[in-house]
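The structure appears below as structure tokens.
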Amino acid sequence: MKKYGPINKKYPHILHGGDYNPEQWTDYDGVWDDDIRLMKLANCNTMSIGIFSWATLEPEEDSFDFSFLDEIMEEFEKNNINAVLATPSGARPAWMSEKYPEVLRVNADRTKNLHGGRHNHCYTSPYYRLKTQNINRLLAQRYKNHPSLLVWHISNEYGGECHCELCQSAFRQWLKNKYDNNLDKLNHEYWTKFWSHTYTSWEQIESPSPLGENLVHALNLDWKRFVTYQTIDFMKNEIAPIKDITPDIPVTTNLMGLYTGLDYFKFKDAIDVVSWDNYPEWHLPKGDVRLASDTAFVHDLNRCIKGGKPFMLMESTPSHINWLDVNKPKRPNMHILSSVQAVAHGSDTVQYFQWRKSRGSCEKFCGAVVDHCGHENTRVFKEVARLGSMLDKLDDIVGTAVKSEVAVIYDWENRWAIDDLKGLKITDRNYAATCQNHYYPFWKNGINTDVIDSDCDFSKYKLIVAPMLYMIKPNVIEKIKEFVKNGGTIVFTYISGWVNENDLCFLGGFPADELKNVFGIWAEETDCLYIGESNLVELNTGEKYKAIDFCDIIHANTAEVLAKYKSDYYTDMPAVTFNKYGSGSAYYIAFRDEGDFMIDFYEKLILDLKLEKALDTTFPEGVTAHSRHDEECRYIFIENYNNFTRKFILPNNKYIDIITNVEALMEFSIEPYGVKVLKTM
Amino acid sequence: MKKYGPINKKYPHILHGGDYNPEQWTDYDGVWDDDIRLMKLANCNTMSIGIFSWATLEPEEDSFDFSFLDEIMEEFEKNNINAVLATPSGARPAWMSEKYPEVLRVNADRTKNLHGGRHNHCYTSPYYRLKTQNINRLLAQRYKNHPSLLVWHISNEYGGECHCELCQSAFRQWLKNKYDNNLDKLNHEYWTKFWSHTYTSWEQIESPSPLGENLVHALNLDWKRFVTYQTIDFMKNEIAPIKDITPDIPVTTNLMGLYTGLDYFKFKDAIDVVSWDNYPEWHLPKGDVRLASDTAFVHDLNRCIKGGKPFMLMESTPSHINWLDVNKPKRPNMHILSSVQAVAHGSDTVQYFQWRKSRGSCEKFCGAVVDHCGHENTRVFKEVARLGSMLDKLDDIVGTAVKSEVAVIYDWENRWAIDDLKGLKITDRNYAATCQNHYYPFWKNGINTDVIDSDCDFSKYKLIVAPMLYMIKPNVIEKIKEFVKNGGTIVFTYISGWVNENDLCFLGGFPADELKNVFGIWAEETDCLYIGESNLVELNTGEKYKAIDFCDIIHANTAEVLAKYKSDYYTDMPAVTFNKYGSGSAYYIAFRDEGDFMIDFYEKLILDLKLEKALDTTFPEGVTAHSRHDEECRYIFIENYNNFTRKFILPNNKYIDIITNVEALMEFSIEPYGVKVLKTM
Amino acid sequence: MKKYGPINKKYPHILHGGDYNPEQWTDYDGVWDDDIRLMKLANCNTMSIGIFSWATLEPEEDSFDFSFLDEIMEEFEKNNINAVLATPSGARPAWMSEKYPEVLRVNADRTKNLHGGRHNHCYTSPYYRLKTQNINRLLAQRYKNHPSLLVWHISNEYGGECHCELCQSAFRQWLKNKYDNNLDKLNHEYWTKFWSHTYTSWEQIESPSPLGENLVHALNLDWKRFVTYQTIDFMKNEIAPIKDITPDIPVTTNLMGLYTGLDYFKFKDAIDVVSWDNYPEWHLPKGDVRLASDTAFVHDLNRCIKGGKPFMLMESTPSHINWLDVNKPKRPNMHILSSVQAVAHGSDTVQYFQWRKSRGSCEKFCGAVVDHCGHENTRVFKEVARLGSMLDKLDDIVGTAVKSEVAVIYDWENRWAIDDLKGLKITDRNYAATCQNHYYPFWKNGINTDVIDSDCDFSKYKLIVAPMLYMIKPNVIEKIKEFVKNGGTIVFTYISGWVNENDLCFLGGFPADELKNVFGIWAEETDCLYIGESNLVELNTGEKYKAIDFCDIIHANTAEVLAKYKSDYYTDMPAVTFNKYGSGSAYYIAFRDEGDFMIDFYEKLILDLKLEKALDTTFPEGVTAHSRHDEECRYIFIENYNNFTRKFILPNNKYIDIITNVEALMEFSIEPYGVKVLKTM
């Protein structure tokens, strides 16, 4: 496959480094020198700086002091270290909150925040927009020609929402645009005759609040869409002067995985490269295998935001974090494994929060390359250094693509709607986990998979899996029909095709409209099961599975029934169906299973559809492989998420281990939490 | 027994139908026609309309549009469908909140609500009172002669409370009335010398608040009494113009079972007929039997609010609801069973929320007769239609009474006081469940039972069971003495007779005053048991039972000791006592049992007192019977709450199944979730 | 050892009595007479009065009525009853809140309280300070020569905090004092460059708030220190006129055990005698033994606040309390046992909340000597009277000291810092419980133990146990070095020596600085274990123990390794070390054990260090002994926390039971919940 370029063409290597706060140590002699020395020892080449530096850069209004940045950038230049330079809007100086309270966020309950914390400004405030543009412009002007400047890091982990009057006005304006300035149209979509909620002026509309309206689902959805819109609008305002001055330096902002508050697919056109902060909770008592798959899912999603372009692992921890219930240090090897996993799924960087533990405040016990002891003689430092030396050997992989024949749909707006649904079961809806569970059989079999939303292009896949696609957004029915007609295979589940983009139910029976023909079924009602309750599902071929949580009770029209329920009042009703539609196939899985059915079902589909594996072998439990491709060869990452050694047989090919540059043995052995990178010959 | 008339004498049939919102579908061609067609197919005769229609009826201030109501009422008339016509005060138009913020409720923490939701207006607001009267008057004038108008449905599910300044003033005025304008009297009853709480002006009194006073129990109680008073006062204000204009149309408001916020017994004189909304959580893993008994308890309570007059089941679901943790569809037959259960206990209607699922907003997934598919080919629709055809055969039952020899006391003010009690155990007080547990042995044995509060007439019963009657309201001691002296039997339990109506402890030992003589005991202290802990109680006759949660440690004065504790420091102290008092009997059960003791104890009492059963037989587990009576015969409802068939032997009488008009076989068989209605010959 | 004097030299007896509210009963004829009669029957000699009497004493502003106090003091004098006279600031009259809202507390979320409750005034309000001084002055002037006046009871259970503008100003002033008016110094200690938190004016500093700053740990700590400071400052303001007028009457305020909100060690110079309110949750299903030890810990702590001077048990319950989940009556004997336990640990009083149950409001079901029945024929009254007659025989014990060779460090500021720590495990840090667990082996072996904070004198002990001493306050390193050098033995655990007093991490490796030399180790990282997870620790001598929750991974420098971990990646790393330092010894226990290790470890240390036991014997489980000493002999309290009889052999000495005045048998038997007081000959 065609390679993408490196993130910044002037540095065609895997980036390795972390968030670095030199301004915290200006009073501590020798710390900067130690840092530079240790960066080299750790084989780090890139540091993120300037995050949260606003109070240092602009200690009082319109009075600036860039000296610490000047100095550290000079150090970086001298020592061949790249800078990912941040704009400082993630936290503002105290003087600003004091003098311009409009920058303070207002909560959903309409209380106004005091100054404090971070990530909590009003996104609409004209003053804050002015000041962020201003400081960004100064930064861009000052460092535009600096050789160390590699990437712009816009703000930090955008999130949250503001309900101030400025935001209320902006929201109303956004609604006017969406509804063509037509309040009747909004009233229809919000179904406001229910409970006498009809709006007779735009001013009556307020953002959802625990003290006011919170049960009009379409309002809740629009508010979330507005929050994404306004956040991106704020970000674009930040980016504008930077793009003006440094058009060739790529910009990114660090996303937060499956964070529910923002629809990250909407960010795709506003940034040059996707980056994200990855903090899996390794070493839970249940083991690391499923978590590895769930994490891979999020890597794949981040890669798909910009259509497959390599992304940046902007933050990860060298050891433990500090905000979980139990913050466990990563076991030996796990740091290398989990870092290289990101690369396997398309990351061209391995970056950390944080380079050095701060002395005070609330992240001082979050893992870092350099601990409070200040030296390199720690287990954690040594593993980081070992990883750095491995990454140095992966230059060929920079910019390579991931080729996927399968896509799993994970759609933020669908998630919002499912989470807000009044009915069925309050708990255990688990939309995200359900998508991850449907992803797992592919991960387990070493099959590259894309994770897309329902607005993405479907045409390039053989198979699309759309779990719980409760909300069918505009054009999706047409896209599905087209996809299946043309030979594609689609899998739907229970609770699918119920509402349109404004949470209005489709009339005429579920799933919506033509989907009944695509799948050849009609879904009459949904049984909800208590924890501990189950139904039994039996395939025509005799295998039996447990149904839990949700059982759609469906009628097969044109569909073939592949499995039936075997208990309760819907005994012998269809549980799995198959329908030919055009040249393609449509499966409907009416029940939630505990996992076994999905594995058997998708493994059969993998064979039927001849989906390509990274390695054509059978992996032992907890071992898998994923691949990146360039025009000539494939790079295969083999990962062992067990804390013991695993062995298996490689296919009859020639593979070179590109770390050791030695040909791999067919009887392949992989150490506890081990990872290998092979190259096809 | 003498029959009551039908709810409205112009329609002497069981009402069958549901909440119907035609205004939501005015833009959807054909839906109204479908509705009328489907109502007939479903054997429905009565629809509730106008609930939450205010924004449609008065789209801007003082500008009215009754067209949709005119049209649907005309449709109803043409198709012989009755209307239960609602006043719209349950939710107000947005323009009203915008223009008159005094209508917005203030919470206990003194935050003021924004517009939104429903059921959340200030009950004191002069403007809201004016506007509700006004629209009610217009409705009454417009439809006073309409042949379809059958019943007035006043507002919807009154509830909640407002703490605004208008309400604070009204509360103070209510207190002045109660305490004869004498602050010293209030200070004494509130025991305000405790913690220096003495009020020296009426203005110092504020409603209970998490931010202020919340530990003066008598204040808390008075506030709850005021909330009931003010709610009824608001309702009376709504009813006034309606009664003026349509004195012959009965008015009701839909109550919410054991909702704690309002003392429903106080509603008795303000409405013509009681109605309530019944949403039991059928099909929990623990099965349906106890829930059926608990539900019967609430039906009986609603019947007793107006002294035994048949009530209306105003809302119930044809299938599932949408606000439980797990919203399970009713299993086949359960809808018919649970609907006829209501009739068995005195309902003359079976009505639903809702006729048709709305397309949008938060109740679109609450069960309905007509689903989003819009047609009649659903399991749910068919069962509703089948029920409708059964109800058509029950005309003779309309207006018949229920004859009870037993009453269980369930007293709202006592509940408030117990819930607010500081001491004993924080959890597991379970006053309502305790009353329901003491009711269960009678239900299980097919014995009609009344559920009354302590202000009701005691004289008509043979047996009164008063569990946990912690609060003894004025005159209750005299009523009990009179009742027992005249031959009645009374049962008291642990934690009884401790405080007066203002939560002041009785001095001189518990239970209060003369009750010590009625029961012949003195209660010294109460042991509280942890979950998992128990004591052992042994009857003189040798049977042993487990005591849990609460053990009163009592001394028998004149009483005979029927059972003793057998462990801990109160070994051999009395656990159950019996005392002759006048011609009557008084039992004191000093401990809480897990249920077995109550069954044995009350089954013995049933025999001793020769209490009449609906059917003189022994029912299999989960089967019971209840009866309604007219001057000539008894109507016996036999109910099977098991999901399998049950058989038993009918007494040696002649019974006609009035649904099939066939004589019942002595070897009586009843299908899963089955219900039969027999008539004595 | 040298005796302290009695609390007030005019009454050299154990005080016995309780909180008494005669003002609640002025309208009830005969209650006062009954009270006096019953006090004598109960062998009570001292009553606390005037707590919460403000509204009675000053019913309107500047209008006073001391009549009820005059009268009850006269009664006391006539009947030889002492008064512990309270200042009334614990709750204020309603008129004051109404007229001077500045006295109302503002919460952390900046909501202002309404009037209500108690213990909720602003500590800074100039008006409230003026008014409390004023009423205290009037009380002191009025009763200064009254023969019944024995002790001043200042306010009641100080606690909580106020965030009003007056308090914000006072906090800023306190900070200016602490940081020498130097904002840079504060910025450094708060490490404010993190997240751009730099303050550029003092006015920007606000108290921690859920709506504002709450993650700057040093700010959180300073706020808590300020709250302690301001509370004591308020108290001193209350005390000033009292000390002026009655310099010889001792003052106390009742503390609340391990209440987290105030650093009680800071109270030592402001009060003449420590008193505290002790409400252990006896009779939990897990039994009473560990709770007895935990309670002893708090008694010892209270004794150590004023360096060992006997304290007052100001409140305890004669039976049950009313604010637990399950409020169980004390089993027979437990009241005497738990009361004498206090005396064993240094209390010269046994006092209750409350003498008589109030008729109304929220403490009417809290245990009392006199119940609502009003007479003496209750189990509880009789046990109080029996205890009174025992205490009458303990005059010799008044003023005697407790001699301890061991101290356990429990440090409030360390607790605040640990509770606020972001990292490790969120739950299960359990600092207080960990200190109590390390105290238990000494309690179990009948070894008198002091509980001190890290600012106390270390030099008088043989052994200091400092569990989880995460925060090392100024001079503590020097004190530890001095102590060990001079032959002392110190025990440290996991998570120790991490931060300075402002929660800034020590650089250069943990534990801080020279402590690495004292213990001869370096702690690299800390593993956190899930509930259910464990590591295995094996001593060199072969014994094995389970490690849970926290495992420090340490390196032995000069230390000898006594035990090693036996699983996970730190297998064979040190788990327990021993280091000689000067003439002393330093142990480091790197893991948390479930209790068995601690018992074995400390029992060995007890032998090694020849620590003195109250009785040189082996106690059966649940039995222990503690001792008080005067210049001539020792008073030994033997306590049995089992609900069955226990036997053991007394050492070969002569002991007189000072209750019965009979010599104790060598085969010593002690009844269920029994307590004996022996005197050495």
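Just remember, in the structure tokens the first chain shown is A, the second B, etc., residues are 1-based per chain, and ligands are 1-based in the order shown.
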
How close does each residue of chain C get to chain A, giving the shortest atom pair and distance in Å to one decimal for every residue with an atom at most 6 Å away, counting only C-alpha atoms, sorted by chain and residue number, as a tab-separated table?
```
residue	atom	partner	partner_atom	distance
C:Trp191	CA	A:Gly360	CA	5.2
C:Lys193	CA	A:Gln24	CA	5.7
C:Trp195	CA	A:Phe52	CA	4.9
C:Ser196	CA	A:Ala55	CA	5.0
C:Leu211	CA	A:Asn113	CA	4.9
C:Gly212	CA	A:Leu114	CA	4.3
C:Glu213	CA	A:Gly116	CA	3.9
C:Leu215	CA	A:Cys362	CA	5.7
C:Val216	CA	A:Ser361	CA	5.1
C:His217	CA	A:Ser361	CA	5.7
C:Lys422	CA	A:Asn322	CA	5.9
C:Gly423	CA	A:Asn322	CA	3.8
C:Leu424	CA	A:Asn327	CA	5.1
C:Lys425	CA	A:Val326	CA	4.4
C:Ile426	CA	A:Asp325	CA	4.8
C:Leu504	CA	A:Gly360	CA	4.7
C:Cys505	CA	A:Arg359	CA	5.1
C:Leu507	CA	A:His372	CA	5.2
C:Gly508	CA	A:Cys373	CA	4.0
C:Gly509	CA	A:Cys373	CA	3.9
C:Asp527	CA	A:Lys328	CA	5.9
C:Cys528	CA	A:Lys328	CA	5.3
```

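When chain A serves as the reference and chain B is fitted to it on all C-alpha atoms, the deviation left is 0.0 Å RMSD.
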
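Residues in contact range of range 152-155 of chain B, defined as at most 8 Å between only C-alpha atoms, with sequence neighbours fewer than 6 positions away removed, read B:Ser48, B:Ile51, B:Val84, B:Leu85, B:Ala86, B:Thr87, B:Pro88, B:Ser89, B:Gly90, B:Met235, B:Glu238, B:Ile239, B:Ile249, B:Pro250, B:Val251, B:Thr252, B:Thr253, B:Asn254.
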
Let's have the selection written as a short mmCIF file (atom, residue, chain, number, x, y, z; two decimals), in the first residue's frame, with N, CA and C atoms.
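Now in again-v9.cif:
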```
data_model
loop_
_atom_site.label_atom_id
_atom_site.label_comp_id
_atom_site.auth_asym_id
_atom_site.auth_seq_id
_atom_site.Cartn_x
_atom_site.Cartn_y
_atom_site.Cartn_z
N SER B 48 -58.77 8.85 27.84
CA SER B 48 -58.43 10.05 28.62
C SER B 48 -57.70 11.01 27.71
N ILE B 51 -54.66 15.61 28.75
CA ILE B 51 -53.57 15.66 29.74
C ILE B 51 -52.35 16.25 29.03
N VAL B 84 -62.60 10.78 29.19
CA VAL B 84 -62.19 11.26 30.52
C VAL B 84 -61.37 12.50 30.22
N LEU B 85 -61.94 13.65 30.48
CA LEU B 85 -61.34 14.90 30.01
C LEU B 85 -60.48 15.53 31.12
N ALA B 86 -59.24 15.79 30.78
CA ALA B 86 -58.29 16.28 31.78
C ALA B 86 -58.19 17.80 31.78
N THR B 87 -57.91 18.33 32.95
CA THR B 87 -57.47 19.73 33.02
C THR B 87 -55.96 19.71 32.81
N PRO B 88 -55.41 20.75 32.19
CA PRO B 88 -54.04 20.63 31.69
C PRO B 88 -52.95 21.08 32.64
N SER B 89 -53.25 21.23 33.92
CA SER B 89 -52.29 21.90 34.81
C SER B 89 -51.03 21.09 35.11
N GLY B 90 -50.99 19.84 34.69
CA GLY B 90 -49.80 19.01 34.96
C GLY B 90 -48.52 19.54 34.32
N MET B 235 -55.98 21.98 44.20
CA MET B 235 -56.90 21.13 43.42
C MET B 235 -58.33 21.63 43.55
N GLU B 238 -58.86 24.34 41.31
CA GLU B 238 -59.07 23.85 39.94
C GLU B 238 -60.49 23.34 39.73
N ILE B 239 -61.00 22.66 40.76
CA ILE B 239 -62.29 21.98 40.62
C ILE B 239 -63.46 22.96 40.66
N ILE B 249 -70.97 15.79 36.50
CA ILE B 249 -69.86 14.99 35.98
C ILE B 249 -68.88 14.74 37.11
N PRO B 250 -68.62 13.47 37.42
CA PRO B 250 -67.72 13.20 38.56
C PRO B 250 -66.29 13.67 38.27
N VAL B 251 -65.62 14.12 39.33
CA VAL B 251 -64.21 14.52 39.19
C VAL B 251 -63.34 13.52 39.94
N THR B 252 -62.17 13.31 39.38
CA THR B 252 -61.16 12.48 40.04
C THR B 252 -59.80 13.09 39.77
N THR B 253 -58.82 12.63 40.51
CA THR B 253 -57.43 12.93 40.14
C THR B 253 -56.67 11.63 40.33
N ASN B 254 -55.67 11.40 39.51
CA ASN B 254 -55.01 10.10 39.58
C ASN B 254 -53.91 10.09 40.63
#
```

As an MDAnalysis selection string, please: every residue in range 122-319 of chain A that DSSP puts in strand (DSSP E or B). chainID A and resid 149:153 251:252 254:255 275:277 311:315

Any chance you can output those residues with N, CA and C atoms as a PDB file, in the first residue's frame?
```
ATOM      1  N   LEU A 149      11.055  23.007  16.213  1.00  0.00           N
ATOM      2  CA  LEU A 149       9.586  22.979  16.197  1.00  0.00           C
ATOM      3  C   LEU A 149       9.085  21.940  15.203  1.00  0.00           C
ATOM      4  N   LEU A 150       8.400  20.911  15.722  1.00  0.00           N
ATOM      5  CA  LEU A 150       8.011  19.795  14.859  1.00  0.00           C
ATOM      6  C   LEU A 150       6.504  19.724  14.650  1.00  0.00           C
ATOM      7  N   VAL A 151       5.745  19.897  15.732  1.00  0.00           N
ATOM      8  CA  VAL A 151       4.284  19.738  15.692  1.00  0.00           C
ATOM      9  C   VAL A 151       3.682  20.760  16.662  1.00  0.00           C
ATOM     10  N   TRP A 152       2.513  21.283  16.279  1.00  0.00           N
ATOM     11  CA  TRP A 152       1.745  22.105  17.213  1.00  0.00           C
ATOM     12  C   TRP A 152       0.752  21.239  17.974  1.00  0.00           C
ATOM     13  N   HIS A 153       0.746  21.420  19.275  1.00  0.00           N
ATOM     14  CA  HIS A 153      -0.144  20.695  20.194  1.00  0.00           C
ATOM     15  C   HIS A 153      -1.177  21.724  20.649  1.00  0.00           C
ATOM     16  N   VAL A 251      -0.674  20.486  12.835  1.00  0.00           N
ATOM     17  CA  VAL A 251      -1.328  20.730  14.132  1.00  0.00           C
ATOM     18  C   VAL A 251      -2.108  19.480  14.543  1.00  0.00           C
ATOM     19  N   THR A 252      -2.133  19.273  15.823  1.00  0.00           N
ATOM     20  CA  THR A 252      -2.958  18.199  16.384  1.00  0.00           C
ATOM     21  C   THR A 252      -3.538  18.691  17.696  1.00  0.00           C
ATOM     22  N   ASN A 254      -4.796  16.625  21.441  1.00  0.00           N
ATOM     23  CA  ASN A 254      -4.829  15.266  22.000  1.00  0.00           C
ATOM     24  C   ASN A 254      -6.232  14.883  22.442  1.00  0.00           C
ATOM     25  N   LEU A 255      -6.761  13.836  21.820  1.00  0.00           N
ATOM     26  CA  LEU A 255      -8.102  13.316  22.105  1.00  0.00           C
ATOM     27  C   LEU A 255      -8.030  12.312  23.260  1.00  0.00           C
ATOM     28  N   SER A 275      -4.081  12.785  17.385  1.00  0.00           N
ATOM     29  CA  SER A 275      -3.270  12.232  18.471  1.00  0.00           C
ATOM     30  C   SER A 275      -4.205  11.898  19.626  1.00  0.00           C
ATOM     31  N   TRP A 276      -3.787  10.962  20.448  1.00  0.00           N
ATOM     32  CA  TRP A 276      -4.664  10.637  21.582  1.00  0.00           C
ATOM     33  C   TRP A 276      -3.874  10.170  22.793  1.00  0.00           C
ATOM     34  N   ASP A 277      -4.555  10.209  23.928  1.00  0.00           N
ATOM     35  CA  ASP A 277      -3.962   9.895  25.233  1.00  0.00           C
ATOM     36  C   ASP A 277      -4.522   8.560  25.695  1.00  0.00           C
ATOM     37  N   PHE A 311      -1.356   8.031  13.234  1.00  0.00           N
ATOM     38  CA  PHE A 311      -1.692   8.980  14.299  1.00  0.00           C
ATOM     39  C   PHE A 311      -0.550   9.052  15.305  1.00  0.00           C
ATOM     40  N   MET A 312      -0.748   9.847  16.320  1.00  0.00           N
ATOM     41  CA  MET A 312       0.255   9.999  17.375  1.00  0.00           C
ATOM     42  C   MET A 312      -0.298   9.451  18.692  1.00  0.00           C
ATOM     43  N   LEU A 313       0.495   8.638  19.352  1.00  0.00           N
ATOM     44  CA  LEU A 313       0.179   8.309  20.739  1.00  0.00           C
ATOM     45  C   LEU A 313       0.756   9.454  21.565  1.00  0.00           C
ATOM     46  N   MET A 314      -0.083  10.431  21.893  1.00  0.00           N
ATOM     47  CA  MET A 314       0.457  11.661  22.495  1.00  0.00           C
ATOM     48  C   MET A 314       0.789  11.489  23.963  1.00  0.00           C
ATOM     49  N   GLU A 315      -0.064  10.723  24.661  1.00  0.00           N
ATOM     50  CA  GLU A 315       0.214  10.486  26.079  1.00  0.00           C
ATOM     51  C   GLU A 315       0.020   9.008  26.399  1.00  0.00           C
TER      52      GLU A 315
END
```

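Closest to Val677 in chain A among A:Ile447, A:Leu609, A:Ala547, A:Leu394 is A:Leu394, based on only C-alpha atoms.
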
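Within range 235-290 of chain A, residues classed as alpha helix (DSSP H) by DSSP on backbone coordinates are Met235, Lys236, Asn237, Glu238, Ile239, Ala240, Pro241, Ile242, Lys243, Asp244, Ile245, Val289 and Arg290 of chain A.
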
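When CA of Thr577 in chain B is paired with CA of Ala563 in chain B, their separation reads 7.0 Å.
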
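Distance-wise, CA of Asn475 in chain B and CA of Asp455 in chain B end up 8.4 Å apart.
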
When you look at range 222-226 of chain C with a cut-off of 12 Å (counting only C-alpha atoms), what residues show up, excluding the ones that are within fewer than 6 positions of it in the same chain? I need them as a PyMOL selection string. chain C and resi 108+123-124+159-163+167-179+186+189-190+205-209+213-214+216+232-234+260-266+412-417+420+501-503

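Closest approach to Tyr439 in chain B from the set B:Val298, B:Leu515, B:Ile397, B:Leu130 is made by B:Val298, with distances taken over only C-alpha atoms.
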
Tell me which protein, DNA and RNA residues are within 12 Å of Lys564 in chain B, counting only C-alpha atoms, leaving out same-chain ones fewer than 3 positions away, and put them as a VMD selection string. chain B and resid 535 to 547 551 to 556 560 to 561 567 to 568 570 to 577 589 to 591

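Atom to atom, CA of Asp288 in chain C and CA of Phe644 in chain C stand 12.1 Å apart.
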
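Nearest-residue note for Val476 in chain A: choosing from A:Val384, A:Ile521, A:Ile409, A:Cys164, the minimum distance belongs to A:Ile409, counting only C-alpha atoms.
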
I want to know what sits within 9 Å of Thr618 in chain A, based on only C-alpha atoms, with residues of the same chain fewer than 3 positions away left out; could you give that as number ranges by chain? A: 445, 615, 648-649

Just want the 12 Å neighbourhood of Gly17 in chain C, counted on only C-alpha atoms, with same-chain residues fewer than 3 positions away dropped. Output as a VMD selection string. chain C and resid 14 20 35 to 36 38 to 49 81 to 84 312 to 318 339 349 to 356 368 to 370 384 to 385 387 to 388 391
